[in-house]
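J.: Below is target_9.pdb; it holds PDB, C-alpha atoms.
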```pdb
MODEL        1
ATOM      1  CA  ASN A 157     -23.030   1.955   4.148
ATOM      2  CA  ARG A 158     -22.271   3.215   7.650
ATOM      3  CA  LEU A 159     -20.821   0.724  10.094
ATOM      4  CA  ILE A 160     -23.572   0.116  12.588
ATOM      5  CA  CYS A 161     -21.317  -1.812  14.947
ATOM      6  CA  SER A 162     -18.493   0.711  15.102
ATOM      7  CA  PRO A 163     -17.992   2.299  18.551
ATOM      8  CA  PRO A 164     -18.494   5.989  19.335
ATOM      9  CA  MET A 165     -15.450   8.007  18.289
ATOM     10  CA  ASP A 166     -15.435   9.792  21.655
ATOM     11  CA  ASP A 167     -15.287   6.561  23.684
ATOM     12  CA  ALA A 168     -12.168   7.524  25.647
ATOM     13  CA  ARG A 169     -13.240   6.217  29.037
ATOM     14  CA  PRO A 170     -10.564   4.746  31.345
ATOM     15  CA  LYS A 171     -10.182   0.991  30.985
ATOM     16  CA  THR A 172      -8.274  -1.780  32.738
ATOM     17  CA  VAL A 173      -6.689  -4.295  30.376
ATOM     18  CA  GLN A 174      -5.390  -7.569  31.771
ATOM     19  CA  ILE A 175      -2.742  -9.645  29.989
ATOM     20  CA  PHE A 176      -2.128 -13.243  30.985
ATOM     21  CA  LEU A 177       1.037 -15.063  29.887
ATOM     22  CA  PRO A 178       0.167 -18.798  29.962
ATOM     23  CA  ASP A 179       3.799 -19.943  29.805
ATOM     24  CA  GLY A 180       5.361 -16.899  31.474
ATOM     25  CA  ASN A 181       6.995 -15.726  28.243
ATOM     26  CA  ALA A 182       5.962 -12.271  27.009
ATOM     27  CA  GLN A 183       7.044 -13.234  23.472
ATOM     28  CA  SER A 184       4.804 -16.300  23.432
ATOM     29  CA  LEU A 185       1.027 -16.600  23.838
ATOM     30  CA  ARG A 186      -0.723 -13.565  25.333
ATOM     31  CA  VAL A 187      -4.335 -13.589  26.515
ATOM     32  CA  ALA A 188      -5.781 -10.069  26.755
ATOM     33  CA  GLU A 189      -9.123  -8.859  28.073
ATOM     34  CA  ILE A 190     -10.821  -5.794  29.495
ATOM     35  CA  THR A 191     -11.767  -7.059  32.929
ATOM     36  CA  SER A 192     -15.359  -5.804  32.767
ATOM     37  CA  ARG A 193     -16.087  -7.158  29.258
ATOM     38  CA  THR A 194     -16.808 -10.619  27.869
ATOM     39  CA  VAL A 195     -14.553 -10.396  24.789
ATOM     40  CA  GLN A 196     -11.000 -11.702  24.931
ATOM     41  CA  ALA A 197      -8.096 -11.743  22.502
ATOM     42  CA  VAL A 198      -5.345 -14.341  22.224
ATOM     43  CA  GLN A 199      -2.142 -13.336  20.418
ATOM     44  CA  ILE A 200      -0.392 -16.339  18.867
ATOM     45  CA  PRO A 201       3.088 -16.169  17.307
ATOM     46  CA  ARG A 202       3.118 -18.415  14.250
ATOM     47  CA  GLN A 203       5.734 -20.720  15.726
ATOM     48  CA  LYS A 204       3.541 -21.216  18.830
ATOM     49  CA  LEU A 205       0.514 -22.781  17.135
ATOM     50  CA  ASP A 206       1.173 -26.091  18.890
ATOM     51  CA  ALA A 207       1.110 -24.367  22.286
ATOM     52  CA  ALA A 208      -2.103 -22.545  21.337
ATOM     53  CA  GLU A 209      -3.742 -25.880  20.574
ATOM     54  CA  ARG A 210      -3.986 -26.498  24.338
ATOM     55  CA  ARG A 211      -5.912 -23.229  24.977
ATOM     56  CA  ASP A 212      -9.693 -23.587  25.064
ATOM     57  CA  GLU A 213     -10.314 -19.914  24.160
ATOM     58  CA  VAL A 214      -8.948 -20.208  20.631
ATOM     59  CA  HIS A 215     -11.221 -23.127  19.676
ATOM     60  CA  ARG A 216     -14.405 -21.033  19.960
ATOM     61  CA  VAL A 217     -16.570 -19.129  17.493
ATOM     62  CA  GLY A 218     -15.181 -15.714  16.644
ATOM     63  CA  VAL A 219     -13.067 -13.606  14.316
ATOM     64  CA  TYR A 220      -9.337 -13.836  13.758
ATOM     65  CA  PHE A 221      -6.596 -11.615  12.354
ATOM     66  CA  LEU A 222      -3.326 -12.543  10.647
ATOM     67  CA  PHE A 223      -0.557  -9.916  10.751
ATOM     68  CA  GLY A 224       2.741  -9.719   8.868
ATOM     69  CA  GLU A 225       5.743  -7.402   8.794
ATOM     70  CA  VAL A 226       6.368  -4.510   6.420
ATOM     71  CA  GLY A 227       8.484  -5.828   3.546
ATOM     72  CA  ASP A 228      11.057  -4.080   1.389
ATOM     73  CA  ASP A 229       8.482  -3.680  -1.379
ATOM     74  CA  ALA A 230       5.574  -2.263   0.661
ATOM     75  CA  SER A 231       4.676   0.766   2.747
ATOM     76  CA  LYS A 232       2.165  -0.929   5.062
ATOM     77  CA  PRO A 233       2.147  -4.232   6.949
ATOM     78  CA  PRO A 234      -0.121  -6.949   5.509
ATOM     79  CA  ALA A 235      -3.133  -8.331   7.361
ATOM     80  CA  TYR A 236      -6.005 -10.740   6.846
ATOM     81  CA  ILE A 237      -9.377 -10.885   8.643
ATOM     82  CA  GLY A 238     -11.671 -13.903   8.864
ATOM     83  CA  GLU A 239     -14.325 -15.638  10.934
ATOM     84  CA  ALA A 240     -14.713 -19.245  12.009
ATOM     85  CA  GLU A 241     -16.581 -21.605  14.269
ATOM     86  CA  ASN A 242     -13.181 -22.780  15.489
ATOM     87  CA  CYS A 243     -10.691 -19.932  15.152
ATOM     88  CA  LEU A 244      -7.501 -21.916  15.720
ATOM     89  CA  GLN A 245      -8.541 -24.578  13.246
ATOM     90  CA  ARG A 246      -8.954 -21.910  10.561
ATOM     91  CA  VAL A 247      -5.655 -20.239  11.506
ATOM     92  CA  ALA A 248      -3.898 -23.609  11.246
ATOM     93  CA  GLY A 249      -5.282 -23.924   7.726
ATOM     94  CA  HIS A 250      -3.763 -20.548   6.844
ATOM     95  CA  HIS A 251      -0.457 -21.784   8.290
ATOM     96  CA  ARG A 252      -0.332 -24.259   5.405
ATOM     97  CA  ARG A 253      -1.560 -21.861   2.703
ATOM     98  CA  LYS A 254      -0.432 -18.290   3.525
ATOM     99  CA  ASP A 255       3.187 -17.201   3.887
ATOM    100  CA  PHE A 256       2.945 -13.492   4.755
ATOM    101  CA  TRP A 257       1.871 -13.638   8.396
ATOM    102  CA  THR A 258       3.913 -13.960  11.575
ATOM    103  CA  THR A 259       1.250 -13.427  14.264
ATOM    104  CA  ALA A 260      -2.398 -14.391  14.663
ATOM    105  CA  VAL A 261      -4.939 -12.868  17.035
ATOM    106  CA  THR A 262      -8.195 -14.663  17.816
ATOM    107  CA  ILE A 263     -11.218 -12.815  19.211
ATOM    108  CA  THR A 264     -13.770 -14.918  21.090
ATOM    109  CA  SER A 265     -16.297 -14.648  23.906
ATOM    110  CA  LYS A 266     -15.381 -15.645  27.469
ATOM    111  CA  THR A 267     -19.015 -16.675  27.990
ATOM    112  CA  ARG A 268     -19.242 -18.584  24.679
ATOM    113  CA  SER A 269     -22.027 -16.237  23.602
ATOM    114  CA  PHE A 270     -20.800 -15.723  20.039
ATOM    115  CA  THR A 271     -22.716 -17.582  17.348
ATOM    116  CA  LYS A 272     -21.933 -17.924  13.662
ATOM    117  CA  ALA A 273     -24.150 -14.883  13.041
ATOM    118  CA  HIS A 274     -22.142 -12.794  15.534
ATOM    119  CA  ALA A 275     -18.880 -13.842  13.889
ATOM    120  CA  ARG A 276     -20.053 -13.065  10.366
ATOM    121  CA  ARG A 277     -21.247  -9.600  11.386
ATOM    122  CA  LEU A 278     -18.010  -8.865  13.258
ATOM    123  CA  GLU A 279     -15.956 -10.015  10.263
ATOM    124  CA  TYR A 280     -17.957  -7.702   7.990
ATOM    125  CA  ASP A 281     -17.516  -4.686  10.263
ATOM    126  CA  CYS A 282     -13.833  -5.390  10.925
ATOM    127  CA  ILE A 283     -13.020  -5.634   7.217
ATOM    128  CA  ARG A 284     -14.958  -2.485   6.348
ATOM    129  CA  THR A 285     -13.396  -0.549   9.232
ATOM    130  CA  ALA A 286      -9.871  -1.765   8.426
ATOM    131  CA  GLN A 287     -10.319  -0.681   4.810
ATOM    132  CA  LYS A 288     -11.402   2.756   5.945
ATOM    133  CA  ALA A 289      -8.621   3.047   8.551
ATOM    134  CA  GLN A 290      -5.981   2.445   5.820
ATOM    135  CA  ARG A 291      -3.285   1.304   8.254
ATOM    136  CA  PHE A 292      -2.701  -2.218   6.898
ATOM    137  CA  ARG A 293      -2.694  -3.798   3.416
ATOM    138  CA  LEU A 294      -5.611  -6.236   3.629
ATOM    139  CA  GLN A 295      -4.928  -9.566   1.946
ATOM    140  CA  ASN A 296      -8.652 -10.390   1.738
ATOM    141  CA  THR A 297      -9.563 -10.809  -1.910
ATOM    142  CA  GLN A 298     -13.285 -10.289  -1.287
ATOM    143  CA  THR A 299     -15.395  -8.108   1.009
ATOM    144  CA  PRO A 300     -18.250 -10.164   2.499
ATOM    145  CA  ALA A 301     -21.821  -9.074   1.939
ATOM    146  CA  GLU A 302     -23.506  -7.356   4.874
ATOM    147  CA  PRO A 303     -25.208  -9.986   7.047
ATOM    148  CA  HIS A 304     -28.570  -8.965   8.443
ATOM    149  CA  ILE A 305     -29.075  -9.737  12.117
ATOM    150  CA  PRO A 306     -31.624  -8.622  14.758
ATOM    151  CA  GLU A 307     -31.393  -5.090  16.140
ATOM    152  CA  ALA A 308     -30.734  -6.332  19.672
ATOM    153  CA  MET A 309     -27.744  -8.353  18.445
ATOM    154  CA  LEU A 310     -26.407  -5.302  16.610
ATOM    155  CA  ALA A 311     -26.573  -3.254  19.803
ATOM    156  CA  GLU A 312     -24.627  -5.934  21.674
ATOM    157  CA  LEU A 313     -21.992  -6.195  18.942
ATOM    158  CA  ARG A 314     -21.498  -2.434  18.889
ATOM    159  CA  ASP A 315     -20.103  -2.627  22.420
ATOM    160  CA  ASN A 316     -18.087  -5.756  21.574
ATOM    161  CA  PHE A 317     -16.573  -4.008  18.552
ATOM    162  CA  GLY A 318     -15.204  -1.227  20.733
ATOM    163  CA  THR A 319     -13.566  -3.807  22.986
ATOM    164  CA  ILE A 320     -12.002  -5.575  20.001
ATOM    165  CA  GLU A 321     -10.594  -2.273  18.731
ATOM    166  CA  THR A 322      -9.029  -1.546  22.139
ATOM    167  CA  LEU A 323      -7.543  -5.019  22.601
ATOM    168  CA  LEU A 324      -5.992  -5.103  19.130
ATOM    169  CA  SER A 325      -4.452  -1.651  19.603
ATOM    170  CA  MET A 326      -3.091  -2.588  23.011
ATOM    171  CA  LEU A 327      -1.439  -5.676  21.487
ATOM    172  CA  GLY A 328       0.223  -3.444  18.884
ATOM    173  CA  PHE A 329      -2.166  -3.887  15.942
ATOM    174  CA  PRO A 330      -4.284  -0.706  15.526
ATOM    175  CA  ILE A 331      -5.917  -2.071  12.388
ATOM    176  CA  LEU A 332      -9.355  -0.707  13.342
ATOM    177  CA  ASN A 333      -8.210   2.737  14.495
ATOM    178  CA  PRO A 334      -8.634   5.408  11.796
ATOM    179  CA  LEU A 335      -5.823   7.870  11.220
ATOM    180  CA  PRO A 336      -6.648  11.526  11.927
ATOM    181  CA  THR A 337      -7.826  13.462   8.889
ATOM    182  CA  GLU A 338      -7.516  17.087   7.889
ATOM    183  CA  LYS A 339     -11.207  17.553   8.675
ATOM    184  CA  ASP A 340     -10.894  16.318  12.264
ATOM    185  CA  THR A 341     -11.235  18.957  14.954
ATOM    186  CA  GLY A 342     -10.659  18.974  18.680
ATOM    187  CA  SER A 343      -7.448  16.913  18.672
ATOM    188  CA  GLY A 344      -5.500  19.787  20.204
ATOM    189  CA  GLN A 345      -2.640  19.239  17.747
ATOM    190  CA  PRO A 346      -1.721  22.050  15.320
ATOM    191  CA  LYS A 347      -1.860  21.493  11.573
ATOM    192  CA  LEU A 348       1.649  21.264  10.138
ATOM    193  CA  TYR A 349       3.047  22.214   6.731
ATOM    194  CA  CYS A 350       6.015  21.066   4.669
ATOM    195  CA  GLN A 351       6.759  22.916   1.409
ATOM    196  CA  GLY A 352       9.459  23.329  -1.209
ATOM    197  CA  ASN A 353      10.331  22.598  -4.869
ATOM    198  CA  GLY A 354       6.776  21.842  -5.977
ATOM    199  CA  ALA A 355       5.889  20.051  -2.752
ATOM    200  CA  LYS A 356       3.086  21.252  -0.492
ATOM    201  CA  ALA A 357       1.961  18.917   2.260
ATOM    202  CA  THR A 358      -0.137  19.201   5.398
ATOM    203  CA  GLY A 359      -0.129  16.850   8.337
ATOM    204  CA  GLU A 360      -0.335  16.302  12.062
ATOM    205  CA  TYR A 361       2.078  14.951  14.668
ATOM    206  CA  THR A 362       0.349  12.110  16.530
ATOM    207  CA  GLU A 363       1.112   9.075  18.663
ATOM    208  CA  ASP A 364       1.483   7.192  15.355
ATOM    209  CA  GLY A 365       4.182   9.542  14.109
ATOM    210  CA  LEU A 366       3.735  12.190  11.425
ATOM    211  CA  VAL A 367       0.458  11.712   9.539
ATOM    212  CA  VAL A 368       0.468  13.292   6.070
ATOM    213  CA  PHE A 369      -3.057  14.155   4.949
ATOM    214  CA  GLU A 370      -4.781  13.043   1.781
ATOM    215  CA  GLY A 371      -4.372  15.568  -1.037
ATOM    216  CA  SER A 372      -0.870  16.626  -0.010
ATOM    217  CA  ALA A 373       1.597  17.069  -2.878
ATOM    218  CA  ALA A 374       5.129  15.652  -2.957
ATOM    219  CA  ARG A 375       7.965  16.475  -5.311
ATOM    220  CA  LEU A 376       7.813  14.359  -8.484
ATOM    221  CA  GLU A 377      11.487  13.415  -8.635
ATOM    222  CA  THR A 378      14.055  12.941  -5.894
ATOM    223  CA  THR A 379      17.281  14.913  -5.845
ATOM    224  CA  PRO A 380      20.476  13.215  -7.092
ATOM    225  CA  SER A 381      21.796  13.082  -3.528
ATOM    226  CA  ALA A 382      18.635  11.569  -2.032
ATOM    227  CA  PRO A 383      19.377   8.450   0.071
ATOM    228  CA  GLU A 384      18.300   5.102  -1.328
ATOM    229  CA  ALA A 385      15.916   4.682   1.626
ATOM    230  CA  ILE A 386      13.866   7.680   0.454
ATOM    231  CA  GLU A 387      13.804   6.369  -3.118
ATOM    232  CA  GLN A 388      12.582   2.968  -1.899
ATOM    233  CA  ARG A 389       9.976   4.455   0.424
ATOM    234  CA  ARG A 390       8.503   6.583  -2.367
ATOM    235  CA  LYS A 391       8.542   3.591  -4.696
ATOM    236  CA  ASN A 392       6.664   1.505  -2.134
ATOM    237  CA  LEU A 393       4.085   4.238  -1.578
ATOM    238  CA  ARG A 394       3.467   4.456  -5.312
ATOM    239  CA  ALA A 395       3.182   0.668  -5.589
ATOM    240  CA  ASP A 396       0.600   0.628  -2.783
ATOM    241  CA  GLY A 397      -1.391   3.452  -4.409
ATOM    242  CA  VAL A 398      -0.747   5.886  -1.557
ATOM    243  CA  LEU A 399       1.183   8.196  -3.902
ATOM    244  CA  GLN A 400      -0.007   8.777  -7.462
ATOM    245  CA  ARG A 401       1.372  10.995 -10.159
ATOM    246  CA  GLN A 402      -0.747  14.015 -11.022
ATOM    247  CA  ASP A 403       0.792  16.304 -13.658
ATOM    248  CA  ASP A 404       4.210  17.381 -12.352
ATOM    249  CA  ARG A 405       3.879  16.138  -8.779
ATOM    250  CA  LEU A 406       2.974  13.142  -6.625
ATOM    251  CA  VAL A 407      -0.262  13.350  -4.657
ATOM    252  CA  PHE A 408      -1.228  11.439  -1.504
ATOM    253  CA  ARG A 409      -4.457   9.562  -2.307
ATOM    254  CA  GLU A 410      -5.049   8.719   1.355
ATOM    255  CA  ASN A 411      -3.801   9.691   4.812
ATOM    256  CA  HIS A 412      -0.518   8.016   5.657
ATOM    257  CA  ALA A 413       1.416   7.729   8.934
ATOM    258  CA  PHE A 414       5.228   7.896   8.893
ATOM    259  CA  ASN A 415       7.136   6.663  11.919
ATOM    260  CA  SER A 416       9.155   9.883  12.110
ATOM    261  CA  PRO A 417       8.852  13.517  10.972
ATOM    262  CA  SER A 418      12.023  13.145   8.878
ATOM    263  CA  ALA A 419      10.672  10.099   7.035
ATOM    264  CA  ALA A 420       7.597  12.144   6.120
ATOM    265  CA  SER A 421       9.507  15.232   4.999
ATOM    266  CA  GLY A 422      11.983  13.064   3.054
ATOM    267  CA  VAL A 423       9.180  11.591   0.966
ATOM    268  CA  VAL A 424       7.447  14.946   0.499
ATOM    269  CA  LEU A 425      10.601  16.874  -0.462
ATOM    270  CA  GLY A 426      12.355  14.038  -2.282
ATOM    271  CA  ARG A 427      15.606  14.543  -0.421
ATOM    272  CA  SER A 428      17.324  14.028   2.891
ATOM    273  CA  SER A 429      15.830  16.395   5.460
ATOM    274  CA  ASN A 430      15.306  17.055   9.148
ATOM    275  CA  GLY A 431      11.568  16.758   9.690
ATOM    276  CA  TRP A 432      11.762  18.490  13.054
ATOM    277  CA  SER A 433      12.704  21.712  11.262
ATOM    278  CA  GLU A 434      10.911  21.162   7.919
ATOM    279  CA  TRP A 435       7.423  20.778   9.423
ATOM    280  CA  THR A 436       6.024  24.112  10.703
ATOM    281  CA  ASP A 437       2.708  25.455  11.947
ATOM    282  CA  ASP A 438       0.701  28.480  10.746
ATOM    283  CA  ALA A 439       2.968  30.829  12.691
ATOM    284  CA  GLY A 440       6.166  29.372  11.219
ATOM    285  CA  ARG A 441       7.185  27.569  14.394
ATOM    286  CA  THR A 442       9.012  24.314  13.707
ATOM    287  CA  LEU A 443       7.898  20.967  15.051
ATOM    288  CA  ASP A 444      11.050  21.013  17.167
ATOM    289  CA  GLN A 445       9.925  24.273  18.812
ATOM    290  CA  LEU A 446       6.403  22.948  19.303
ATOM    291  CA  GLU A 447       7.245  19.530  20.701
ATOM    292  CA  ARG A 448      10.843  19.488  21.950
TER     293      ARG A 448
ENDMDL
END
```
Could I get this structure in the form of structure tokens?

T.:
Amino acid sequence: NRLICSPPMDDARPKTVQIFLPDGNAQSLRVAEITSRTVQAVQIPRQKLDAAERRDEVHRVGVYFLFGEVGDDASKPPAYIGEAENCLQRVAGHHRRKDFWTTAVTITSKTRSFTKAHARRLEYDCIRTAQKAQRFRLQNTQTPAEPHIPEAMLAELRDNFGTIETLLSMLGFPILNPLPTEKDTGSGQPKLYCQGNGAKATGEYTEDGLVVFEGSAARLETTPSAPEAIEQRRKNLRADGVLQRQDDRLVFRENHAFNSPSAASGVVLGRSSNGWSEWTDDAGRTLDQLER
């Protein structure tokens, strides 16, 4: 079940990413590529599908991603992953049938080297990796069966997959980047703790915010004075299956990134709190002392 095409986790080599703005507007179409690679990504705002129609890159064989915004009733942004012989044509079909998305990203080959077999394998690996990364709520109703392709093609796609991961992250969609886990070592970041009133959570402060690790326990009920935002956030996490009741507490069933330390501590403690002082390391030093 391992993802043969996934890139090495230690692939942190310097890279040059080039972004081209076809109409000079940074909020419109964006064509991104690593200058030394053959894969390119085109970011298409939903309202710019007509403008994208004139771009040759988006009419090629490849994989595509649809991204939406976090709603009031969810804890993660929605996303959909697919493959097509003509990416824009398939995205246009989703424009008529799917409401959740606001941005599409197509991934194709600058040299037109992708075939249907390449696209199907990339779709399979992207879906499996996105499920494991747990950053987005995938709207795919089915996981495709593993396509079997020649070993040489797998080796080529392994390098392409790493490029896709980098380009998506650079465009603001780290759907293929796994969150750090409690078992990870070598990150250089101290493990943090947040405890009180039946709550006992561990986490790490990262570029994504405060990541609370799987298995952490949160207080079952919020305090009477807890802000409505904390109530709603906990409700959304329970609806998405991130938080589940276990006896007299709520347990994180997966790693989850909060955009701020206070958002994380608020959910864990069930009350308004200052995450910079609530999260501490083994020596009792607060996150504020460690980072600010």

J.: In Å, rounded to a single decimal, give me how far atom CA of Gln295 of chain A is from atom CA of Tyr236 of chain A.

T.: 5.2 Å

J.: How many Å lie between atom CA of Lys204 of chain A and atom CA of Asn296 of chain A, rounded to one decimal?

T.: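 Separation of atom CA of Lys204 of chain A and atom CA of Asn296 of chain A: 23.6 Å.
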
J.: Nearest residue to Arg291 of chain A out of A:Val226, A:Val214, A:Leu278, A:Ala207, using all atoms listed in the file?

T.: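 Between A:Val226, A:Val214, A:Leu278, A:Ala207, the residue approaching Arg291 of chain A most closely is A:Val226.
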
J.: Measure the distance from atom CA of Gly180 of chain A to atom CA of Val195 of chain A in Å and round it to one decimal.

T.: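 Computing it gives 22.0 Å between the two atoms.
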
J.: Let me make sure I understand: among A:Lys171, A:His304, A:Lys232, A:Arg202, which one has the smallest atom-to-atom distance to Asp281 of chain A if we use all atoms listed in the file?

T.: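 Nearest candidate to Asp281 of chain A out of A:Lys171, A:His304, A:Lys232, A:Arg202: A:His304.
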
J.: Applied to this file, what does the PyMOL selection byres ((chain A and resi 192) around 10) return in terms of residues, put as JSON, numbers by chain?

T.: {"A": [171, 172, 173, 189, 190, 191, 193, 194, 195]}

J.: For segment 318-329 of chain A, take all atoms listed in the file, fit an axis-aligned box around them, add 4 Å to each of the six sides, then output centre and edge lengths in Å rounded to one decimal, as lines of an AutoDock Vina configuration file.

T.:
```
center_x = -7.5
center_y = -3.5
center_z = 19.5
size_x = 23.4
size_y = 12.4
size_z = 15.1
```

J.: Quick check on the file I pasted: which residues fall under the PyMOL selection byres ((chain A and resi 446-448) around 10)? Write them as a list in words.

T.: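 Applied to this file, the PyMOL selection byres ((chain A and resi 446-448) around 10) returns Gln345, Pro346, Tyr361, Trp432, Thr436, Asp437, Arg441, Thr442, Leu443, Asp444 and Gln445 of chain A.
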
J.: From the options A:Gly422, A:Pro306, A:Gly328, A:Pro417, which residue's atoms come nearest to Arg389 of chain A, counting all atoms listed in the file?

T.: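 Of A:Gly422, A:Pro306, A:Gly328, A:Pro417, the one nearest Arg389 of chain A is A:Gly422, counting all atoms listed in the file.
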
J.: Determine, counting all atoms listed in the file, which protein, DNA and RNA residues have an atom within 9 Å of an atom of Ala230 of chain A; residues of the same chain fewer than 4 positions away are not included. Present the result as a list in words.

T.: Val226, Pro234, Arg293, Arg389, Lys391, Asn392, Leu393, Ala395 and Asp396 of chain A

J.: Of the residues A:Ser184, A:Asp229, A:Arg216, A:Ser265, which is the one nearest to Gln245 of chain A, using only C-alpha atoms?

T.: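 The closest residue to Gln245 of chain A is A:Arg216.
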
J.: For the structure shown, which residues end up in the PyMOL selection byres ((chain A and resi 390) around 12)? Put them as a PDB file with C-alpha atoms, in the coordinates of the input, please?

T.:
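What ended up in part.pdb:
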```pdb
ATOM      1  CA  ASP A 228      11.057  -4.080   1.389  1.00  0.00           C
ATOM      2  CA  ASP A 229       8.482  -3.680  -1.379  1.00  0.00           C
ATOM      3  CA  ALA A 230       5.574  -2.263   0.661  1.00  0.00           C
ATOM      4  CA  SER A 231       4.676   0.766   2.747  1.00  0.00           C
ATOM      5  CA  ALA A 374       5.129  15.652  -2.957  1.00  0.00           C
ATOM      6  CA  ARG A 375       7.965  16.475  -5.311  1.00  0.00           C
ATOM      7  CA  LEU A 376       7.813  14.359  -8.484  1.00  0.00           C
ATOM      8  CA  GLU A 377      11.487  13.415  -8.635  1.00  0.00           C
ATOM      9  CA  THR A 378      14.055  12.941  -5.894  1.00  0.00           C
ATOM     10  CA  ALA A 382      18.635  11.569  -2.032  1.00  0.00           C
ATOM     11  CA  PRO A 383      19.377   8.450   0.071  1.00  0.00           C
ATOM     12  CA  GLU A 384      18.300   5.102  -1.328  1.00  0.00           C
ATOM     13  CA  ALA A 385      15.916   4.682   1.626  1.00  0.00           C
ATOM     14  CA  ILE A 386      13.866   7.680   0.454  1.00  0.00           C
ATOM     15  CA  GLU A 387      13.804   6.369  -3.118  1.00  0.00           C
ATOM     16  CA  GLN A 388      12.582   2.968  -1.899  1.00  0.00           C
ATOM     17  CA  ARG A 389       9.976   4.455   0.424  1.00  0.00           C
ATOM     18  CA  LYS A 391       8.542   3.591  -4.696  1.00  0.00           C
ATOM     19  CA  ASN A 392       6.664   1.505  -2.134  1.00  0.00           C
ATOM     20  CA  LEU A 393       4.085   4.238  -1.578  1.00  0.00           C
ATOM     21  CA  ARG A 394       3.467   4.456  -5.312  1.00  0.00           C
ATOM     22  CA  ALA A 395       3.182   0.668  -5.589  1.00  0.00           C
ATOM     23  CA  ASP A 396       0.600   0.628  -2.783  1.00  0.00           C
ATOM     24  CA  GLY A 397      -1.391   3.452  -4.409  1.00  0.00           C
ATOM     25  CA  VAL A 398      -0.747   5.886  -1.557  1.00  0.00           C
ATOM     26  CA  LEU A 399       1.183   8.196  -3.902  1.00  0.00           C
ATOM     27  CA  GLN A 400      -0.007   8.777  -7.462  1.00  0.00           C
ATOM     28  CA  ARG A 401       1.372  10.995 -10.159  1.00  0.00           C
ATOM     29  CA  LEU A 406       2.974  13.142  -6.625  1.00  0.00           C
ATOM     30  CA  VAL A 407      -0.262  13.350  -4.657  1.00  0.00           C
ATOM     31  CA  PHE A 408      -1.228  11.439  -1.504  1.00  0.00           C
ATOM     32  CA  PHE A 414       5.228   7.896   8.893  1.00  0.00           C
ATOM     33  CA  ALA A 419      10.672  10.099   7.035  1.00  0.00           C
ATOM     34  CA  ALA A 420       7.597  12.144   6.120  1.00  0.00           C
ATOM     35  CA  SER A 421       9.507  15.232   4.999  1.00  0.00           C
ATOM     36  CA  GLY A 422      11.983  13.064   3.054  1.00  0.00           C
ATOM     37  CA  VAL A 423       9.180  11.591   0.966  1.00  0.00           C
ATOM     38  CA  VAL A 424       7.447  14.946   0.499  1.00  0.00           C
ATOM     39  CA  LEU A 425      10.601  16.874  -0.462  1.00  0.00           C
ATOM     40  CA  GLY A 426      12.355  14.038  -2.282  1.00  0.00           C
ATOM     41  CA  ARG A 427      15.606  14.543  -0.421  1.00  0.00           C
TER      42      ARG A 427
END
```

J.: Excluding segment 267-273 of chain A and residues on its chain fewer than 5 positions from it, collect all residues at most 8 Å away from it, counting only C-alpha atoms, and give them as a list in words.

T.: Thr194, Arg216, Val217, Gly218, Ala240, Glu241, Pro303 and Ile305 of chain A

J.: Create the file for the chosen residues now, containing C-alpha atoms and written as a PDB file, in the coordinates of the input.

T.:
```
ATOM      1  CA  THR A 194     -16.808 -10.619  27.869  1.00  0.00           C
ATOM      2  CA  ARG A 216     -14.405 -21.033  19.960  1.00  0.00           C
ATOM      3  CA  VAL A 217     -16.570 -19.129  17.493  1.00  0.00           C
ATOM      4  CA  GLY A 218     -15.181 -15.714  16.644  1.00  0.00           C
ATOM      5  CA  ALA A 240     -14.713 -19.245  12.009  1.00  0.00           C
ATOM      6  CA  GLU A 241     -16.581 -21.605  14.269  1.00  0.00           C
ATOM      7  CA  PRO A 303     -25.208  -9.986   7.047  1.00  0.00           C
ATOM      8  CA  ILE A 305     -29.075  -9.737  12.117  1.00  0.00           C
TER       9      ILE A 305
END
```

J.: Residues within 6 Å of Ile263 of chain A, please, as JSON, numbers by chain. Count all atoms listed in the file; anything in the same chain fewer than 4 positions from it doesn't count.

T.: {"A": [196, 197, 218, 219, 220]}

J.: So which residues touch Ala182 of chain A within 12 Å, counting all atoms listed in the file, skipping near sequence neighbours fewer than 6 positions away, as a VMD selection string?

T.: chain A and resid 175 to 176 188 199 to 201 327
